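Engineer: Handing you this structure, nothing more for now.
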Amino acid sequence: MNQVKKYILPIWLLFWKIIFKKNWYWPNIRAIISKRIILSLNPPICYQYTIVSGKGKLYLGDKCEFGVIIGGRHRNGSIELQPRYENARIVMGEKISMNNNVFICAANYIEIGRNTLIGEAVTIMDHEAHGIAPDLRRQIGKIGEVKIGTNVWIGNSVIILKDTTIGDNSIVAAGAVVSGQFPSDVIIGGVPAKVIRHL
């Protein structure tokens, strides 16, 4: 991940994106200007409306693709990448491909390795949005981190919670709720998720 370099969008490319509406949607362009997003050499291709929000930083590798035109609920949704707080970071490697309506929200640190596939309607969060105790429900809960290895396949409607590590090459079955430490080269599934078998 440390090979990710700061990308400054050339003026001619910016106008190309605006005039011909290629790849980048307006929120992405605003994110670059506001320096919330740091890219390597090639901006991602966005096939669904993609929003970068929050006060933190998004680090993004080369040749990523966001959204699928023929995928589920393409026209009625969006992808949101939200490093919510000032010190929050989302670090994504190269050649990550995600389906539609993905929500990734970091209060601290989320890392997704290169070549990872992310299905439709996936949610990844490194924190509890609300405290567990009744008198703490109006404030943020515990904060952790999420680390997803390289070449991982995450199925549709998966929820990945704080303090989760998923090893390289593993598969997360559709609909799983994932929390905890999982090794490389396994299939994970269920609510709560557990190792189903080794690859």
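Chain labels run A, B, ... following the order of the structure tokens; each chain numbers its residues from 1, and ligands are numbered from 1 in the order shown.
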Fewer than 6 positions away in the same chain doesn't count, so skip those; otherwise give me all residues within 7 Å of range 126-139 of chain A, counting only C-alpha atoms, as a list in words.

Structural biologist: Ala106, Ala107, Asn108, Tyr109, Ile110, Glu145, Val146, Leu161, Lys162 and Asp163 of chain A

Engineer: DSSP says strand (DSSP E) for which residues of range 25-166 of chain A? Put them as a PyMOL selection string?

Structural biologist: chain A and resi 37-39+45-46+50-52+57-60+65-66+79-83+89-92+97-98+103-106+109-112+117-118+123-125+145-148+153-154+159-160+164-166

Engineer: How would the residues just picked look written out with N, CA and C atoms as a short mmCIF file (atom, residue, chain, number, x, y, z; two decimals), in the first residue's frame?

Structural biologist:
```cif
data_model
loop_
_atom_site.label_atom_id
_atom_site.label_comp_id
_atom_site.auth_asym_id
_atom_site.auth_seq_id
_atom_site.Cartn_x
_atom_site.Cartn_y
_atom_site.Cartn_z
N ILE A 37 -9.02 12.91 -1.38
CA ILE A 37 -8.71 11.66 -2.07
C ILE A 37 -7.30 11.73 -2.64
N ILE A 38 -6.54 10.69 -2.41
CA ILE A 38 -5.17 10.61 -2.90
C ILE A 38 -5.07 9.39 -3.79
N LEU A 39 -4.71 9.59 -5.04
CA LEU A 39 -4.70 8.51 -6.02
C LEU A 39 -3.30 8.21 -6.50
N ILE A 45 -12.55 3.91 -12.75
CA ILE A 45 -13.72 4.03 -13.62
C ILE A 45 -14.96 3.85 -12.75
N CYS A 46 -15.87 4.80 -12.78
CA CYS A 46 -17.07 4.75 -11.97
C CYS A 46 -18.28 4.52 -12.87
N THR A 50 -20.79 7.76 -7.57
CA THR A 50 -19.85 7.45 -6.51
C THR A 50 -19.54 8.71 -5.71
N ILE A 51 -19.67 8.62 -4.40
CA ILE A 51 -19.50 9.77 -3.52
C ILE A 51 -18.33 9.51 -2.58
N VAL A 52 -17.44 10.49 -2.47
CA VAL A 52 -16.41 10.47 -1.45
C VAL A 52 -16.76 11.57 -0.45
N LYS A 57 -9.09 10.72 4.79
CA LYS A 57 -8.40 10.50 3.52
C LYS A 57 -8.78 9.15 2.92
N LEU A 58 -8.90 9.14 1.60
CA LEU A 58 -9.07 7.91 0.83
C LEU A 58 -7.84 7.73 -0.03
N TYR A 59 -7.12 6.62 0.17
CA TYR A 59 -5.96 6.29 -0.64
C TYR A 59 -6.39 5.19 -1.61
N LEU A 60 -6.15 5.41 -2.89
CA LEU A 60 -6.72 4.52 -3.91
C LEU A 60 -5.67 4.12 -4.92
N GLU A 65 -12.41 -0.24 -10.32
CA GLU A 65 -13.68 -0.06 -11.00
C GLU A 65 -14.80 -0.09 -9.97
N PHE A 66 -15.66 0.94 -10.02
CA PHE A 66 -16.75 1.08 -9.06
C PHE A 66 -18.09 1.02 -9.78
N ILE A 79 -22.56 4.45 -4.66
CA ILE A 79 -21.44 3.93 -3.87
C ILE A 79 -20.93 5.08 -3.02
N GLU A 80 -20.70 4.83 -1.74
CA GLU A 80 -20.17 5.88 -0.88
C GLU A 80 -18.94 5.37 -0.14
N LEU A 81 -17.86 6.13 -0.26
CA LEU A 81 -16.61 5.85 0.44
C LEU A 81 -16.42 7.00 1.42
N GLN A 82 -16.49 6.69 2.71
CA GLN A 82 -16.57 7.75 3.71
C GLN A 82 -15.54 7.57 4.82
N PRO A 83 -14.37 8.19 4.69
CA PRO A 83 -13.50 8.33 5.85
C PRO A 83 -14.06 9.46 6.72
N ARG A 89 -8.85 6.83 7.74
CA ARG A 89 -8.23 6.49 6.46
C ARG A 89 -8.88 5.24 5.88
N ILE A 90 -9.14 5.30 4.59
CA ILE A 90 -9.52 4.12 3.81
C ILE A 90 -8.43 3.91 2.78
N VAL A 91 -7.80 2.75 2.81
CA VAL A 91 -6.68 2.44 1.92
C VAL A 91 -7.08 1.28 1.02
N MET A 92 -7.14 1.52 -0.27
CA MET A 92 -7.57 0.50 -1.23
C MET A 92 -6.47 0.26 -2.25
N SER A 97 -12.43 -4.22 -7.70
CA SER A 97 -13.68 -4.08 -8.45
C SER A 97 -14.84 -4.26 -7.49
N MET A 98 -15.79 -3.32 -7.53
CA MET A 98 -16.96 -3.46 -6.66
C MET A 98 -18.24 -3.28 -7.46
N PHE A 103 -21.13 0.59 0.67
CA PHE A 103 -20.90 1.65 1.66
C PHE A 103 -19.72 1.25 2.52
N ILE A 104 -18.65 2.05 2.46
CA ILE A 104 -17.45 1.81 3.27
C ILE A 104 -17.23 3.04 4.14
N CYS A 105 -17.28 2.85 5.46
CA CYS A 105 -17.22 3.97 6.39
C CYS A 105 -16.16 3.72 7.45
N ALA A 106 -15.21 4.63 7.56
CA ALA A 106 -14.11 4.47 8.51
C ALA A 106 -14.12 5.60 9.53
N TYR A 109 -9.49 3.11 10.54
CA TYR A 109 -8.66 2.56 9.46
C TYR A 109 -9.33 1.35 8.83
N ILE A 110 -9.50 1.41 7.51
CA ILE A 110 -9.96 0.27 6.72
C ILE A 110 -8.99 0.08 5.58
N GLU A 111 -8.51 -1.15 5.41
CA GLU A 111 -7.58 -1.49 4.33
C GLU A 111 -8.16 -2.63 3.51
N ILE A 112 -8.15 -2.47 2.18
CA ILE A 112 -8.64 -3.51 1.27
C ILE A 112 -7.54 -3.80 0.27
N LEU A 117 -12.59 -8.41 -4.98
CA LEU A 117 -13.91 -8.26 -5.61
C LEU A 117 -14.94 -8.03 -4.52
N ILE A 118 -15.77 -7.00 -4.67
CA ILE A 118 -16.77 -6.65 -3.67
C ILE A 118 -18.14 -6.68 -4.31
N THR A 123 -21.54 -3.62 3.08
CA THR A 123 -21.23 -2.57 4.06
C THR A 123 -19.98 -2.97 4.83
N ILE A 124 -19.02 -2.04 4.92
CA ILE A 124 -17.80 -2.27 5.69
C ILE A 124 -17.63 -1.09 6.64
N MET A 125 -17.57 -1.37 7.95
CA MET A 125 -17.41 -0.31 8.97
C MET A 125 -16.39 -0.77 10.01
N GLU A 145 -10.56 -1.47 13.60
CA GLU A 145 -10.04 -1.37 12.24
C GLU A 145 -10.46 -2.62 11.47
N VAL A 146 -10.36 -2.52 10.16
CA VAL A 146 -10.69 -3.65 9.28
C VAL A 146 -9.54 -3.81 8.29
N LYS A 147 -9.08 -5.05 8.14
CA LYS A 147 -8.03 -5.35 7.16
C LYS A 147 -8.47 -6.54 6.31
N ILE A 148 -8.59 -6.29 5.01
CA ILE A 148 -8.99 -7.32 4.06
C ILE A 148 -7.80 -7.57 3.14
N TRP A 153 -12.72 -12.32 -2.29
CA TRP A 153 -14.02 -12.19 -2.96
C TRP A 153 -15.08 -12.05 -1.89
N ILE A 154 -15.75 -10.89 -1.86
CA ILE A 154 -16.79 -10.60 -0.89
C ILE A 154 -18.13 -10.63 -1.62
N ILE A 159 -21.90 -7.84 5.48
CA ILE A 159 -21.59 -6.78 6.43
C ILE A 159 -20.29 -7.16 7.14
N ILE A 160 -19.31 -6.29 7.07
CA ILE A 160 -18.02 -6.52 7.73
C ILE A 160 -17.87 -5.49 8.83
N THR A 164 -12.00 -6.74 12.27
CA THR A 164 -12.04 -7.91 11.39
C THR A 164 -10.81 -7.94 10.52
N THR A 165 -10.24 -9.13 10.39
CA THR A 165 -9.14 -9.38 9.45
C THR A 165 -9.53 -10.58 8.60
N ILE A 166 -9.41 -10.43 7.28
CA ILE A 166 -9.70 -11.52 6.35
C ILE A 166 -8.43 -11.77 5.54
#
```

Engineer: One number please: CA of Gly180 in chain A to CA of Tyr85 in chain A, in Å, one decimal.

Structural biologist: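 If I compute the distance from CA of Gly180 in chain A to CA of Tyr85 in chain A, I get 23.5 Å.
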
Engineer: Find the spatial neighbours of Ile187 in chain A, counting only C-alpha atoms, within a cut-off of 7 Å - ignore same-chain residues fewer than 6 positions away - and output them as a list in words.

Structural biologist: Ser170, Ile171, Val172, Val195, Ile196, Arg197, His198 and Leu199 of chain A

Engineer: Deliver the residues from the most recent selection as a file, using N, CA and C atoms, as a CSV table (one decimal), in the first residue's frame.

Structural biologist:
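What follows is the written file part30.csv:
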```csv
chain,number,residue,atom,x,y,z
A,170,SER,N,-9.3,-15.4,0.4
A,170,SER,CA,-10.5,-16.0,1.0
A,170,SER,C,-11.8,-15.5,0.3
A,171,ILE,N,-12.9,-16.2,0.6
A,171,ILE,CA,-14.2,-15.9,0.0
A,171,ILE,C,-15.2,-15.7,1.1
A,172,VAL,N,-16.0,-14.6,1.1
A,172,VAL,CA,-17.0,-14.3,2.1
A,172,VAL,C,-18.4,-14.5,1.4
A,195,VAL,N,-15.7,-20.1,9.5
A,195,VAL,CA,-15.0,-20.7,8.4
A,195,VAL,C,-15.8,-22.0,8.1
A,196,ILE,N,-16.2,-22.0,6.8
A,196,ILE,CA,-17.0,-23.1,6.3
A,196,ILE,C,-16.1,-24.3,5.8
A,197,ARG,N,-15.1,-23.9,5.0
A,197,ARG,CA,-14.1,-24.9,4.6
A,197,ARG,C,-12.9,-24.2,4.0
A,198,HIS,N,-11.8,-24.9,3.9
A,198,HIS,CA,-10.6,-24.4,3.2
A,198,HIS,C,-10.7,-24.6,1.7
A,199,LEU,N,-10.1,-23.7,1.0
A,199,LEU,CA,-10.1,-23.8,-0.5
A,199,LEU,C,-9.1,-24.8,-0.9
```

Engineer: Under the rule that only C-alpha atoms are counted, which of A:Val122, A:Ile69, A:Ala176, A:Cys64 is the nearest residue to Tyr47 in chain A?

Structural biologist: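 Closest to Tyr47 in chain A, using only C-alpha atoms: A:Ile69.
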
Engineer: In Å, how far is it from CA of Gly113 in chain A to CA of Asn76 in chain A?

Structural biologist: 28.0 Å

Engineer: Apply DSSP to the backbone of this structure and, from range 20-165 of chain A, keep only the residues in helix (DSSP H, G or I); write these as a ChimeraX atom specification.

Structural biologist: /A:20,26-33,134-136

Engineer: May I have the residues from that selection written out with C-alpha atoms, as a PDB file, in the first residue's frame?

Structural biologist:
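Okay, this is what ended up in out-v8.pdb:
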```pdb
ATOM      1  CA  PHE A  20     -17.771  14.206 -21.768  1.00  0.00           C
ATOM      2  CA  TRP A  26     -18.985  15.314  -9.763  1.00  0.00           C
ATOM      3  CA  PRO A  27     -18.483  14.230  -6.126  1.00  0.00           C
ATOM      4  CA  ASN A  28     -15.233  12.535  -7.085  1.00  0.00           C
ATOM      5  CA  ILE A  29     -13.913  15.642  -8.802  1.00  0.00           C
ATOM      6  CA  ARG A  30     -14.781  17.741  -5.764  1.00  0.00           C
ATOM      7  CA  ALA A  31     -13.013  15.223  -3.560  1.00  0.00           C
ATOM      8  CA  ILE A  32      -9.802  15.568  -5.570  1.00  0.00           C
ATOM      9  CA  ILE A  33      -9.932  19.352  -5.399  1.00  0.00           C
ATOM     10  CA  PRO A 134     -28.694   2.645  26.694  1.00  0.00           C
ATOM     11  CA  ASP A 135     -27.249   5.955  27.917  1.00  0.00           C
ATOM     12  CA  LEU A 136     -24.561   5.921  25.169  1.00  0.00           C
TER      13      LEU A 136
END
```

Engineer: Taking only C-alpha atoms into account, which of A:Asn156, A:Asn100, A:Gln181, A:Thr150 comes nearest Thr116 in chain A?

Structural biologist: A:Thr150

Engineer: Between A:Val102, A:Ile96, A:Val68, A:Ala173, which has the minimum distance to Gly149 in chain A (counting only C-alpha atoms)?

Structural biologist: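 For Gly149 in chain A, the nearest of the candidates is A:Ile96.
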
Engineer: Nearest to Asn101 in chain A among A:Lys55, A:Arg84, A:Lys194, A:His74, with distances taken over only C-alpha atoms: which residue is it?

Structural biologist: A:His74

Engineer: Just give me the gap between CA of Gly119 in chain A and CA of Ser157 in chain A in Å, one decimal is fine.

Structural biologist: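 Here the two named atoms are 7.2 Å from each other.
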
Engineer: Using only C-alpha atoms, can you tell me which of A:Phe182, A:Ala174, A:Asn115, A:Ala88 comes closest to Lys63 in chain A?

Structural biologist: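 Of A:Phe182, A:Ala174, A:Asn115, A:Ala88, the one nearest Lys63 in chain A is A:Asn115, counting only C-alpha atoms.
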
Engineer: Using only C-alpha atoms, which residues sit within 8 Å of Val177 in chain A once same-chain residues fewer than 2 positions away are excluded, as a ChimeraX atom specification?

Structural biologist: /A:158-161,175,179,189-193
